[in-house]
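Asks: Below: one structure in structure tokens.
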Protein chains: 4
Amino acid sequence: MTTEPLRIAVVGAGIMGADHIARLTDRTMGAEVAAVVEPDAGRAAAAVAHLPGVSTRTRIEDALEHDDLDAVIIATPGPFHESVLLPALEAGVGILCEKPLTPDSESSLRVLQAEQKTDRPRIQVGFMRRFDEEYTQLKALIDSGEAGQLLALHCAHRNPSTPPGYTESMLITDSVVHEIDVVPWLVGEPIAAVEVRKPRRNSLAPEGLREPQLVLLETESGVLADVEISVNIQFGYQVTTDAVYERGVAETGRTGGLARYADGRLTRAEHLTYTTRFARAYDTEVQRWVNAIRRGTIDGPSAWDGYLATCVSEAGVEAQATGRRVEVAYAAKPAFYDQLG
Amino acid sequence: MTTEPLRIAVVGAGIMGADHIARLTDRTMGAEVAAVVEPDAGRAAAAVAHLPGVSTRTRIEDALEHDDLDAVIIATPGPFHESVLLPALEAGVGILCEKPLTPDSESSLRVLQAEQKTDRPRIQVGFMRRFDEEYTQLKALIDSGEAGQLLALHCAHRNPSTPPGYTESMLITDSVVHEIDVVPWLVGEPIAAVEVRKPRRNSLAPEGLREPQLVLLETESGVLADVEISVNIQFGYQVTTDAVYERGVAETGRTGGLARYADGRLTRAEHLTYTTRFARAYDTEVQRWVNAIRRGTIDGPSAWDGYLATCVSEAGVEAQATGRRVEVAYAAKPAFYDQLG
Amino acid sequence: MTTEPLRIAVVGAGIMGADHIARLTDRTMGAEVAAVVEPDAGRAAAAVAHLPGVSTRTRIEDALEHDDLDAVIIATPGPFHESVLLPALEAGVGILCEKPLTPDSESSLRVLQAEQKTDRPRIQVGFMRRFDEEYTQLKALIDSGEAGQLLALHCAHRNPSTPPGYTESMLITDSVVHEIDVVPWLVGEPIAAVEVRKPRRNSLAPEGLREPQLVLLETESGVLADVEISVNIQFGYQVTTDAVYERGVAETGRTGGLARYADGRLTRAEHLTYTTRFARAYDTEVQRWVNAIRRGTIDGPSAWDGYLATCVSEAGVEAQATGRRVEVAYAAKPAFYDQLG
Amino acid sequence: MTTEPLRIAVVGAGIMGADHIARLTDRTMGAEVAAVVEPDAGRAAAAVAHLPGVSTRTRIEDALEHDDLDAVIIATPGPFHESVLLPALEAGVGILCEKPLTPDSESSLRVLQAEQKTDRPRIQVGFMRRFDEEYTQLKALIDSGEAGQLLALHCAHRNPSTPPGYTESMLITDSVVHEIDVVPWLVGEPIAAVEVRKPRRNSLAPEGLREPQLVLLETESGVLADVEISVNIQFGYQVTTDAVYERGVAETGRTGGLARYADGRLTRAEHLTYTTRFARAYDTEVQRWVNAIRRGTIDGPSAWDGYLATCVSEAGVEAQATGRRVEVAYAAKPAFYDQLG
């Protein structure tokens with residue numbers, strides 16, 4: 001293991017990309033930003049303003065060729081992932097790809113095929129909840145079996161408001177996709193079917209957006225997860241996941257911290273955005289990924305997990321449109337991914 | 001208004017009946033137990049052991065004829081309600097009937113018809129959650145509209161274990177029936193459809209009982225309530241109802257009270273039974289009912305509410321059996337019940 | 001035991017007296033208000049406006065002579081207690097005397113002597129916290145010894161603001177007097193010494209009132225209770241008592257109930273006054289006192305407990321004035337009070 | 001600013017030193033362990049077992065001479081601090097010195113004098129609570145003044161058990177010393193007087209150790225902080241600090257996180273040791289100190305703050321021994337420390 005910092009290209013310099021640049025620069029050991037790949041010249045310049053010596057590139061191929069990269073973090077919108085993933089795989093660098101792997105299962109399969117042409121899995125998908133402390137504790141509790149088998153999960157995923165351009169299918173592909181990843185991880189088996197129910201519409205949602213929705217995810221052995229997705233609920237950003245066991249219940253994600261008594265009430269501050277709610281989870285994810293790359297592996301959800309999530313998202317969008325329960329079909333799992341254990 | 005205590009017959013001297021006898025004797029003003037109606041002679045004798053001067057009867061008709069009754073509390077199993085309700089209505093006494101009004105909508109309609117032959121509504125149904133302090137606060141919050149319109153409800157209804165003879169349909173008719181009453185009361189409109197989903201089975205449930213279940217209740221304007229019913233979850237008795245608004249969320253029913261720090265953890269005691277969880281709600285219900293009878297009215301869910309709940313329960317049992325979403329059909333509401341406001 | 005309601009005179013028709021009149025009328029079984037003793041004619045008339053048949057008297061002696069009383073509740077200011085207690089004792093009626101028993105230990109001793117001339121203790125002092133559910137649980141936990149011996153108590157006693165005329169000594173005699181009663185009750189032994197410390201003054205307190213204060217109460221075997229008394233802290237009415245054991249800690253009095261998520265925070269309502277915070281404790285106290293009177297006894301703190309509290313209050317006022325630790329001296333306990341067990 | 005990592009010597013390879021070695025190696029950017037200074041050869045060897053290229057030295061002077069150091073972290077017992085601080089100051093390296101600065105005010109003054117012979121303050125003292133998230137929020141709340149002036153603080157500092165050799169004076173010098181630092185930081189002014197009160201002794205404490213104790217700290221303008229120090233309370237490691245304002249109260253340090261419902265109760269895990277409770281505070285402290293050294297400054301409590309704490313500890317030990325309120329005397333603050341702002 002070299003002591004030289006990993007040279008990483010951050011692809012996409014939007015909010016998430018800029019956040020990763022700051023994280024790599026200020027809070028991640030053993031890594032440095034070598035290049036920023038961003039077609040928008042102004043955004044690229046802003047991203048590297050305080051980072052002397054960092055290249056700016058408009059195409060990933062140029063960075064792979066000229067910047068002596070060890071790894072890339074892909075933070076572009078999902079439709080652009082494949083065109084970065086394929087050359088990065090070919091170049092043999094480590095890859096952290098923000099969710100989703102790709103927008104549809106067909107393109108995800110192409111990525112899996114490309115990865116299988118290499119010697120080992122190199123893609124990690126950015127489902128960062130697996131690195132959150134309470135989720136980790138919940139997973140350990142489930143795995144311990146001490147409260148009996150897991151039977152059901154109740155999830156709530158709430159955002160104060162939506163950015164322009166947010167559409168109904170994004171409730172599934174952009175938001176619930178986190179539960180779509182974390183539910184099978186907690187349960188230990190894939191999602192078999194999806195159904196979507198629609199409560200009364202929130203009049204504060206932008207015109208044409210029918211939300212909140214209640215997404216029902218069933219795993220293969222019948223664990224049922226209900227997910228309330230609310231994206232214009234104003235009060236704050238809140239993610240809770242409660243587990244129902246044979247002998248009890250566990251709750252995560254409740255508002256804690258400093259308590260104030262003022263004006264006839266007790267108050268605690270709630271998060272307003274995922275960047276504070278999951279700040280530590282993101283830091284942990286990236287640090288552990290950097291450490292894993294140095295060992296020649298990944299340490300988190302693989303491209304296979306990303307493919308599974310894409311399949312469920314597709315089924316979810318169909319369920320949303322039809323009102324029906326939709327069963328999820330997956331390709332057979334390549335033996336290639338068994339080496340991840 | 002007389003200052004003489006109301007003379008009340010308690011019909012049925014099982015757990016619930018005995019509880020009402022104690023409540024009327026020890027904690028209710030302006031009322032006294034005049035008679036206990038119970039076919040089991042031993043149980044009847046035990047119920048009045050410390051109550052000199054209280055008659056024991058095997059038939060409600062005898063009590064109505066001989067005990068100078070002002071009111072009856074019906075605490076027999078549901079299938080026996082109609083045969084007590086009809087003579088009590090005819091006798092013109094006040095009636096508090098434990099849930100359900102009757103086991104099916106046909107018999108409930110017969111009771112409604114009998115009641116309409118009298119001059120005013122006299123039947124109150126024992127849905128005591130409406131008298132619980134947090135439910136009352138939640139109702140006030142919803143009615144205030146200050147957080148915007150109500151969109152969805154998440155309910156959990158958990159019992160440590162089931163008594164012998166508890167069957168799958170009782171999940172709806174005996175347990176979820178409380179949410180079936182309280183959801184329309186909170187929302188302010190009837191339930192329009194029911195669907196039942198079945199998570200992985202709890203292996204601690206008695207053989208043949210498939211639970212927990214997730215019951216989805218839709219109101220007319222589309223408020224969606226999901227109800228987790230778990231009846232062998234061991235850890236305690238817990239009833240929570242959370243409301244999702246346009247601008248926020250409200251939670252009720254969380255475990256509170258004295259906090260102990262011991263052995264590496266913080267602990268708070270959870271309820272083990274509805275009799276402690278809703279102790280005050282029962283007391284409030286009965287006291288307010290007694291006060292209302294003195295004014296010649298009722299102060300809580302009417303027979304009409306009881307009928308509505310029975311219709312939803314029937315639809316729920318069908319939904320449970322078929323796996324389908326079942327729409328609920330109701331008779332037209334008689335003008336007779338409008339006088340209750 | 002007669003089934004006739006106890007005939008009770010309420011002495012003093014201020015806030016507390018009016019509260020007791022409502023309680024006896026609406027929420028207490030087996031008792032009725034027979035007379036209201038109040039020198040202010042307007043206040044007296046208002047108190048009985050909706051209570052036909054209740055006498056109004058200006059002197060307790062008249063009520064004792066003419067109203068066929070079984071008991072009295074004394075809700076006048078402390079300086080007037082003795083002049084009601086003595087004739088009531090002589091008349092042999094049951095007595096519930098709001099705290100303090102009397103304003104000073106000398107007059108309290110006179111009352112004890114008068115009571116000892118009767119056949120049995122008849123005075124109960126209105127320290128209602130002993131009837132609060134969490135205090136009762138805390139007492140049971142201490143008595144169980146399961147967490148080891150009790151070592152220390154941390155108490156906070158907070159009021160939003162003070163009424164006109166509230167003076168510094170009343171911090172002890174009117175407010176901390178509740179902790180002065182409840183600490184020895186929890187610990188199981190008398191208070192041996194008092195010291196008062198004065199933090200920075202709250203500028204929102206009325207001119208001339210130096211508060212908050214920190215009152216240190218030591219029991220005979222050395223349990224140390226610190227009491228923060230704050231009486232102009234604006235945000236609400238809050239009473240907490242935390243116990244420190246050999247093996248852990250217990251907390252009582254924390255804000256609970258319905259939780260709202262709104263405007264970037266979680267909020268729970270705090271009490272604003274003792275009448276809601278201790279509503280049930282008052283009801284329980286009076287009901288149990290009524291039940292006890294029927295059995296010819298009392299069921300709560302005795303006149304002897306009231307005397308002890310008065311002695312500690314005197315020492316506390318001295319400690320407040322001098323800044324010194326003041327030891328408390330008590331008369332020997334008369335055998336007469338041992339019959340209370 | 002160089003991109004070369006800072007070369008740091010860790011002095012003392014006990015629990016705290018080993019913890020710092022792991023932190024610098026695994027979780028701190030821009031720094032590396034260059035040397036471990038530890039007279040115990042076995043302990044030194046263990047500390048560097050997985051760190052190829054790190055020197056082990058028995059004397060700080062050797063490390064300063066041969067290891068090209070930028071900074072030192074001093075994690076030896078307090079009595080050995082001065083003999084490391086003086087040569088480190090002379091060498092002009094950055095210094096993070098675990099609390100206390102030195103065991104007594106006389107030696108602390110000598111250190112201050114030595115530091116003043118250099119060009120700028122280089123010593124930071126390891127009071128890590130200032131870096132804890134809730135303390136930081138509390139400080140911001142106090143500084144905002146939005147709830148009025150701060151009046152009093154209630155602190156609890158609880159450990160499950162004590163290591164061998166823990167003596168009564170260490171209650172002050174080793175444990176309460178954290179509150180001795182954090183109280184003036186929160187209040188914004190020095191501590192003026194100390195008093196110690198002793199509740200009933202915990203029989204689980206080692207023979208000869210009289211604890212818990214209640215330490216009263218008064219700041220110059222009269223803010224009164226009471227600190228319960230309990231060091232054998234078994235149940236867990238807990239540090240809480242509650243602030244009493246003119247208009248309300250704020251609470252920090254309460255047990256949160258994943259909630260489990262099992263066996264008739266709600267439970268949350270409590271910390272068992274400071275290393276988990278303050279894990280993030282330690283990481284933040286060291287990272288910010290490393291960043292500050294690179295800028296040629298410190299970012300936390302200075303040697304002057306360390307001296308103030310030592311003076312208060314001395315007064316506290318006297319207060320403990322005498323039972324009296326002891327006023328604290330300080331030397332005049334050298335202008336040299338004003339450059340820290």
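Following the order of the structure tokens, chains are lettered A, B, ..., residues in each are numbered from 1, and ligands are numbered from 1.
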Residues within 9 Å of stretch 255-261 of chain A, please, as a PDB file with N, CA, C and O atoms, in the first residue's frame. Count only C-alpha atoms; anything in the same chain fewer than 2 positions from it doesn't count.
Replies:
```
ATOM      1  N   GLN A 238     -36.690  14.486   6.859  1.00  0.00           N
ATOM      2  CA  GLN A 238     -36.757  13.441   7.884  1.00  0.00           C
ATOM      3  C   GLN A 238     -36.810  12.078   7.229  1.00  0.00           C
ATOM      4  O   GLN A 238     -37.598  11.848   6.310  1.00  0.00           O
ATOM      5  N   GLY A 253     -34.061   7.125  13.371  1.00  0.00           N
ATOM      6  CA  GLY A 253     -34.209   8.387  12.650  1.00  0.00           C
ATOM      7  C   GLY A 253     -34.980   9.460  13.381  1.00  0.00           C
ATOM      8  O   GLY A 253     -35.299  10.494  12.793  1.00  0.00           O
ATOM      9  N   ASP A 263     -41.291  29.486  25.353  1.00  0.00           N
ATOM     10  CA  ASP A 263     -42.615  29.850  24.838  1.00  0.00           C
ATOM     11  C   ASP A 263     -43.651  28.743  24.966  1.00  0.00           C
ATOM     12  O   ASP A 263     -44.391  28.450  24.006  1.00  0.00           O
ATOM     13  N   GLY A 264     -43.683  28.109  26.122  1.00  0.00           N
ATOM     14  CA  GLY A 264     -44.732  27.110  26.350  1.00  0.00           C
ATOM     15  C   GLY A 264     -44.515  25.780  25.689  1.00  0.00           C
ATOM     16  O   GLY A 264     -45.441  24.982  25.600  1.00  0.00           O
ATOM     17  N   ARG A 265     -43.287  25.529  25.229  1.00  0.00           N
ATOM     18  CA  ARG A 265     -43.070  24.216  24.629  1.00  0.00           C
ATOM     19  C   ARG A 265     -41.609  23.795  24.648  1.00  0.00           C
ATOM     20  O   ARG A 265     -40.713  24.607  24.801  1.00  0.00           O
ATOM     21  N   LEU A 266     -41.453  22.493  24.464  1.00  0.00           N
ATOM     22  CA  LEU A 266     -40.157  21.863  24.279  1.00  0.00           C
ATOM     23  C   LEU A 266     -39.908  21.754  22.790  1.00  0.00           C
ATOM     24  O   LEU A 266     -40.781  21.297  22.049  1.00  0.00           O
ATOM     25  N   THR A 267     -38.737  22.180  22.319  1.00  0.00           N
ATOM     26  CA  THR A 267     -38.453  22.042  20.890  1.00  0.00           C
ATOM     27  C   THR A 267     -37.072  21.443  20.661  1.00  0.00           C
ATOM     28  O   THR A 267     -36.145  21.660  21.442  1.00  0.00           O
ATOM     29  N   ARG A 268     -36.986  20.686  19.591  1.00  0.00           N
ATOM     30  CA  ARG A 268     -35.694  20.185  19.107  1.00  0.00           C
ATOM     31  C   ARG A 268     -35.611  20.520  17.626  1.00  0.00           C
ATOM     32  O   ARG A 268     -36.606  20.415  16.916  1.00  0.00           O
ATOM     33  N   ALA A 269     -34.438  20.868  17.164  1.00  0.00           N
ATOM     34  CA  ALA A 269     -34.271  21.218  15.749  1.00  0.00           C
ATOM     35  C   ALA A 269     -34.366  19.978  14.871  1.00  0.00           C
ATOM     36  O   ALA A 269     -33.831  18.929  15.197  1.00  0.00           O
ATOM     37  N   GLU A 270     -35.062  20.096  13.745  1.00  0.00           N
ATOM     38  CA  GLU A 270     -35.124  19.026  12.752  1.00  0.00           C
ATOM     39  C   GLU A 270     -34.199  19.385  11.587  1.00  0.00           C
ATOM     40  O   GLU A 270     -33.951  20.566  11.328  1.00  0.00           O
ATOM     41  N   HIS A 271     -33.707  18.364  10.901  1.00  0.00           N
ATOM     42  CA  HIS A 271     -32.899  18.632   9.714  1.00  0.00           C
ATOM     43  C   HIS A 271     -33.754  19.265   8.624  1.00  0.00           C
ATOM     44  O   HIS A 271     -34.967  19.056   8.562  1.00  0.00           O
TER      45      HIS A 271
ATOM     46  N   PHE C 235     -41.193  30.391  30.212  1.00  0.00           N
ATOM     47  CA  PHE C 235     -41.528  29.394  29.184  1.00  0.00           C
ATOM     48  C   PHE C 235     -42.643  28.451  29.594  1.00  0.00           C
ATOM     49  O   PHE C 235     -43.304  27.873  28.720  1.00  0.00           O
ATOM     50  N   GLY C 236     -42.835  28.225  30.909  1.00  0.00           N
ATOM     51  CA  GLY C 236     -43.846  27.258  31.282  1.00  0.00           C
ATOM     52  C   GLY C 236     -43.753  26.902  32.752  1.00  0.00           C
ATOM     53  O   GLY C 236     -42.948  27.470  33.504  1.00  0.00           O
ATOM     54  N   ARG C 265     -38.811  22.012  13.182  1.00  0.00           N
ATOM     55  CA  ARG C 265     -38.539  21.482  14.513  1.00  0.00           C
ATOM     56  C   ARG C 265     -39.633  20.563  15.025  1.00  0.00           C
ATOM     57  O   ARG C 265     -40.762  20.584  14.539  1.00  0.00           O
ATOM     58  N   LEU C 266     -39.231  19.786  16.005  1.00  0.00           N
ATOM     59  CA  LEU C 266     -40.133  18.934  16.768  1.00  0.00           C
ATOM     60  C   LEU C 266     -40.565  19.709  18.003  1.00  0.00           C
ATOM     61  O   LEU C 266     -39.712  20.270  18.703  1.00  0.00           O
ATOM     62  N   GLU C 270     -45.639  22.316  26.670  1.00  0.00           N
ATOM     63  CA  GLU C 270     -45.281  22.300  28.086  1.00  0.00           C
ATOM     64  C   GLU C 270     -46.453  22.868  28.901  1.00  0.00           C
ATOM     65  O   GLU C 270     -47.237  23.669  28.390  1.00  0.00           O
TER      66      GLU C 270
ATOM     67  N   GLU D 133     -20.722  18.578  19.584  1.00  0.00           N
ATOM     68  CA  GLU D 133     -21.742  19.289  18.807  1.00  0.00           C
ATOM     69  C   GLU D 133     -22.803  19.965  19.692  1.00  0.00           C
ATOM     70  O   GLU D 133     -23.170  21.120  19.476  1.00  0.00           O
ATOM     71  N   GLU D 134     -23.292  19.240  20.689  1.00  0.00           N
ATOM     72  CA  GLU D 134     -24.338  19.856  21.527  1.00  0.00           C
ATOM     73  C   GLU D 134     -23.789  20.994  22.384  1.00  0.00           C
ATOM     74  O   GLU D 134     -24.470  21.994  22.614  1.00  0.00           O
ATOM     75  N   TYR D 135     -22.556  20.856  22.884  1.00  0.00           N
ATOM     76  CA  TYR D 135     -21.961  21.964  23.631  1.00  0.00           C
ATOM     77  C   TYR D 135     -21.813  23.191  22.740  1.00  0.00           C
ATOM     78  O   TYR D 135     -22.038  24.321  23.157  1.00  0.00           O
ATOM     79  N   GLN D 137     -23.643  23.952  20.178  1.00  0.00           N
ATOM     80  CA  GLN D 137     -24.972  24.538  19.986  1.00  0.00           C
ATOM     81  C   GLN D 137     -25.402  25.316  21.234  1.00  0.00           C
ATOM     82  O   GLN D 137     -26.009  26.386  21.140  1.00  0.00           O
ATOM     83  N   LEU D 138     -25.099  24.771  22.402  1.00  0.00           N
ATOM     84  CA  LEU D 138     -25.472  25.446  23.644  1.00  0.00           C
ATOM     85  C   LEU D 138     -24.743  26.780  23.763  1.00  0.00           C
ATOM     86  O   LEU D 138     -25.344  27.803  24.133  1.00  0.00           O
ATOM     87  N   ARG D 247     -35.595  33.216  30.206  1.00  0.00           N
ATOM     88  CA  ARG D 247     -36.860  32.867  29.559  1.00  0.00           C
ATOM     89  C   ARG D 247     -37.037  31.382  29.282  1.00  0.00           C
ATOM     90  O   ARG D 247     -37.977  30.987  28.578  1.00  0.00           O
ATOM     91  N   GLY D 248     -36.136  30.548  29.768  1.00  0.00           N
ATOM     92  CA  GLY D 248     -36.298  29.134  29.462  1.00  0.00           C
ATOM     93  C   GLY D 248     -35.108  28.318  29.882  1.00  0.00           C
ATOM     94  O   GLY D 248     -34.265  28.761  30.666  1.00  0.00           O
ATOM     95  N   VAL D 249     -35.041  27.126  29.373  1.00  0.00           N
ATOM     96  CA  VAL D 249     -34.040  26.147  29.771  1.00  0.00           C
ATOM     97  C   VAL D 249     -33.591  25.403  28.517  1.00  0.00           C
ATOM     98  O   VAL D 249     -34.367  25.231  27.579  1.00  0.00           O
ATOM     99  N   ALA D 250     -32.323  24.979  28.489  1.00  0.00           N
ATOM    100  CA  ALA D 250     -31.844  24.110  27.403  1.00  0.00           C
ATOM    101  C   ALA D 250     -31.150  22.909  28.025  1.00  0.00           C
ATOM    102  O   ALA D 250     -30.442  23.044  29.023  1.00  0.00           O
ATOM    103  N   GLU D 251     -31.378  21.748  27.436  1.00  0.00           N
ATOM    104  CA  GLU D 251     -30.778  20.510  27.945  1.00  0.00           C
ATOM    105  C   GLU D 251     -29.861  19.889  26.906  1.00  0.00           C
ATOM    106  O   GLU D 251     -30.237  19.782  25.736  1.00  0.00           O
ATOM    107  N   THR D 252     -28.700  19.422  27.322  1.00  0.00           N
ATOM    108  CA  THR D 252     -27.809  18.705  26.408  1.00  0.00           C
ATOM    109  C   THR D 252     -27.408  17.360  27.016  1.00  0.00           C
ATOM    110  O   THR D 252     -27.522  17.151  28.215  1.00  0.00           O
ATOM    111  N   GLY D 253     -26.965  16.474  26.136  1.00  0.00           N
ATOM    112  CA  GLY D 253     -26.325  15.238  26.597  1.00  0.00           C
ATOM    113  C   GLY D 253     -27.269  14.094  26.874  1.00  0.00           C
ATOM    114  O   GLY D 253     -26.849  13.076  27.416  1.00  0.00           O
ATOM    115  N   ARG D 254     -28.564  14.238  26.480  1.00  0.00           N
ATOM    116  CA  ARG D 254     -29.487  13.153  26.781  1.00  0.00           C
ATOM    117  C   ARG D 254     -29.325  11.983  25.806  1.00  0.00           C
ATOM    118  O   ARG D 254     -28.989  12.173  24.631  1.00  0.00           O
ATOM    119  N   THR D 255     -29.576  10.828  26.315  1.00  0.00           N
ATOM    120  CA  THR D 255     -29.453   9.572  25.589  1.00  0.00           C
ATOM    121  C   THR D 255     -30.433   9.535  24.422  1.00  0.00           C
ATOM    122  O   THR D 255     -31.628   9.752  24.612  1.00  0.00           O
ATOM    123  N   GLY D 256     -29.933   9.285  23.209  1.00  0.00           N
ATOM    124  CA  GLY D 256     -30.791   9.240  22.032  1.00  0.00           C
ATOM    125  C   GLY D 256     -30.499   8.016  21.194  1.00  0.00           C
ATOM    126  O   GLY D 256     -30.032   6.998  21.686  1.00  0.00           O
ATOM    127  N   GLY D 257     -30.796   8.110  19.919  1.00  0.00           N
ATOM    128  CA  GLY D 257     -30.466   7.020  18.991  1.00  0.00           C
ATOM    129  C   GLY D 257     -31.529   5.953  18.903  1.00  0.00           C
ATOM    130  O   GLY D 257     -32.653   6.131  19.387  1.00  0.00           O
TER     131      GLY D 257
END
```
Asks: Based on the backbone DSSP call, show me all residues of stretch 49-100 of chain A assigned alpha helix (DSSP H), as number ranges by chain.
Replies: A: 60-66, 81-91
Asks: Next, dump the selected residues to file, keeping only N, CA and C atoms, as a compact mmCIF listing (two decimals), in the first residue's frame.
Replies:
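Result went into selection.txt, see below:
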```txt
# COMPACT_ATOMS: atom_id res chain seq x y z
N ILE A 60 -14.47 12.79 -19.67
CA ILE A 60 -13.80 11.84 -18.78
C ILE A 60 -12.60 11.21 -19.48
N GLU A 61 -12.72 10.98 -20.78
CA GLU A 61 -11.61 10.32 -21.49
C GLU A 61 -10.31 11.13 -21.35
N ASP A 62 -10.42 12.44 -21.42
CA ASP A 62 -9.23 13.27 -21.29
C ASP A 62 -8.60 13.14 -19.90
N ALA A 63 -9.46 13.12 -18.89
CA ALA A 63 -8.92 12.98 -17.54
C ALA A 63 -8.25 11.62 -17.38
N LEU A 64 -8.90 10.58 -17.89
CA LEU A 64 -8.32 9.24 -17.76
C LEU A 64 -6.97 9.16 -18.48
N GLU A 65 -6.87 9.88 -19.57
CA GLU A 65 -5.63 9.80 -20.33
C GLU A 65 -4.50 10.62 -19.71
N HIS A 66 -4.87 11.83 -19.19
CA HIS A 66 -3.80 12.77 -18.83
C HIS A 66 -3.56 12.96 -17.33
N HIS A 81 -24.43 8.61 -16.53
CA HIS A 81 -23.53 7.70 -15.81
C HIS A 81 -22.85 6.70 -16.74
N GLU A 82 -23.65 6.09 -17.63
CA GLU A 82 -23.08 5.01 -18.44
C GLU A 82 -21.87 5.49 -19.24
N SER A 83 -21.98 6.70 -19.79
CA SER A 83 -20.90 7.18 -20.67
C SER A 83 -19.63 7.53 -19.87
N VAL A 84 -19.74 7.59 -18.56
CA VAL A 84 -18.54 7.74 -17.74
C VAL A 84 -18.07 6.37 -17.23
N LEU A 85 -19.05 5.54 -16.87
CA LEU A 85 -18.71 4.24 -16.29
C LEU A 85 -17.90 3.39 -17.27
N LEU A 86 -18.32 3.37 -18.54
CA LEU A 86 -17.67 2.46 -19.48
C LEU A 86 -16.19 2.78 -19.69
N PRO A 87 -15.83 4.03 -20.03
CA PRO A 87 -14.38 4.30 -20.15
C PRO A 87 -13.63 4.15 -18.82
N ALA A 88 -14.27 4.45 -17.70
CA ALA A 88 -13.58 4.31 -16.41
C ALA A 88 -13.29 2.84 -16.14
N LEU A 89 -14.25 1.98 -16.46
CA LEU A 89 -14.02 0.54 -16.30
C LEU A 89 -12.87 0.10 -17.18
N GLU A 90 -12.88 0.60 -18.41
CA GLU A 90 -11.83 0.20 -19.34
C GLU A 90 -10.46 0.64 -18.84
N ALA A 91 -10.43 1.81 -18.19
CA ALA A 91 -9.16 2.33 -17.69
C ALA A 91 -8.71 1.63 -16.41
```
Asks: Taking only C-alpha atoms into account, report as JSON, numbers by chain which residues of chain A lie within 9 Å of chain B.
Replies: {"A": [148, 149, 150, 151, 152, 160, 197, 198, 199, 200, 201, 202, 203, 204, 205, 212, 214, 218, 221, 222, 223, 224, 225, 226, 232, 233, 234, 235, 236, 244, 245, 246, 247, 248, 249]}
Asks: Taking the DSSP assignment computed from this structure's backbone, write out as JSON, numbers by chain all residues of stretch 14-250 of chain B that belong to strand (DSSP E or B).
Replies: {"B": [31, 32, 33, 34, 35, 36, 37, 55, 56, 57, 71, 72, 73, 74, 94, 95, 96, 97, 123, 124, 125, 150, 151, 152, 153, 154, 155, 156, 157, 158, 191, 192, 193, 194, 195, 196, 197, 213, 214, 215, 216, 217, 218, 219, 224, 225, 226, 227, 228, 229, 230, 238, 239, 240, 241, 242, 243, 244, 245, 249, 250]}
Asks: Report, in Å with one decimal, the straight-line distance from atom CA of C:Glu32 to atom CA of C:Arg7.
Replies: 5.4 Å
Asks: Which one is closest to B:Val196: B:Gly145, B:Pro121, B:Pro163, B:Gly323? Count only C-alpha atoms.
Replies: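 That would be B:Gly323, the residue with the smallest distance to B:Val196.
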Asks: Measuring atom to atom with only C-alpha atoms, identify which of D:Val176, D:Leu69, D:Leu51, D:Ala75 is nearest to D:Asp26.
Replies: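 Looking at the shortest contact to D:Asp26, the residue is D:Leu51.
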Asks: Find the spatial neighbours of D:Val11, counting only C-alpha atoms, within a cut-off of 6 Å - ignore same-chain residues fewer than 6 positions away - and output them as a list of chain:residue names.
Replies: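 What passes the distance filter is D:Val36, D:Val37, D:Ile74, D:Ala75.
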Asks: Using the selection just defined, write its residues with N, CA and C atoms as a CSV table (one decimal), in the first residue's frame.
Replies:
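Saved as again11.csv:
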```csv
chain,number,residue,atom,x,y,z
D,36,VAL,N,7.0,8.1,18.7
D,36,VAL,CA,6.3,7.9,20.0
D,36,VAL,C,7.3,7.9,21.1
D,37,VAL,N,7.0,8.8,22.1
D,37,VAL,CA,7.9,9.0,23.2
D,37,VAL,C,7.3,8.3,24.4
D,74,ILE,N,0.8,15.6,23.9
D,74,ILE,CA,1.3,15.2,25.2
D,74,ILE,C,0.1,14.4,25.9
D,75,ALA,N,0.3,13.1,26.1
D,75,ALA,CA,-0.7,12.3,26.7
D,75,ALA,C,-0.2,11.5,27.9
```
Asks: Looking at only C-alpha atoms, which of D:Ala13, D:Ala45, D:Ile95, D:Ala34 is the one that sits closest to D:Ser302?
Replies: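 Checking each candidate against D:Ser302, we get D:Ile95 as the closest.
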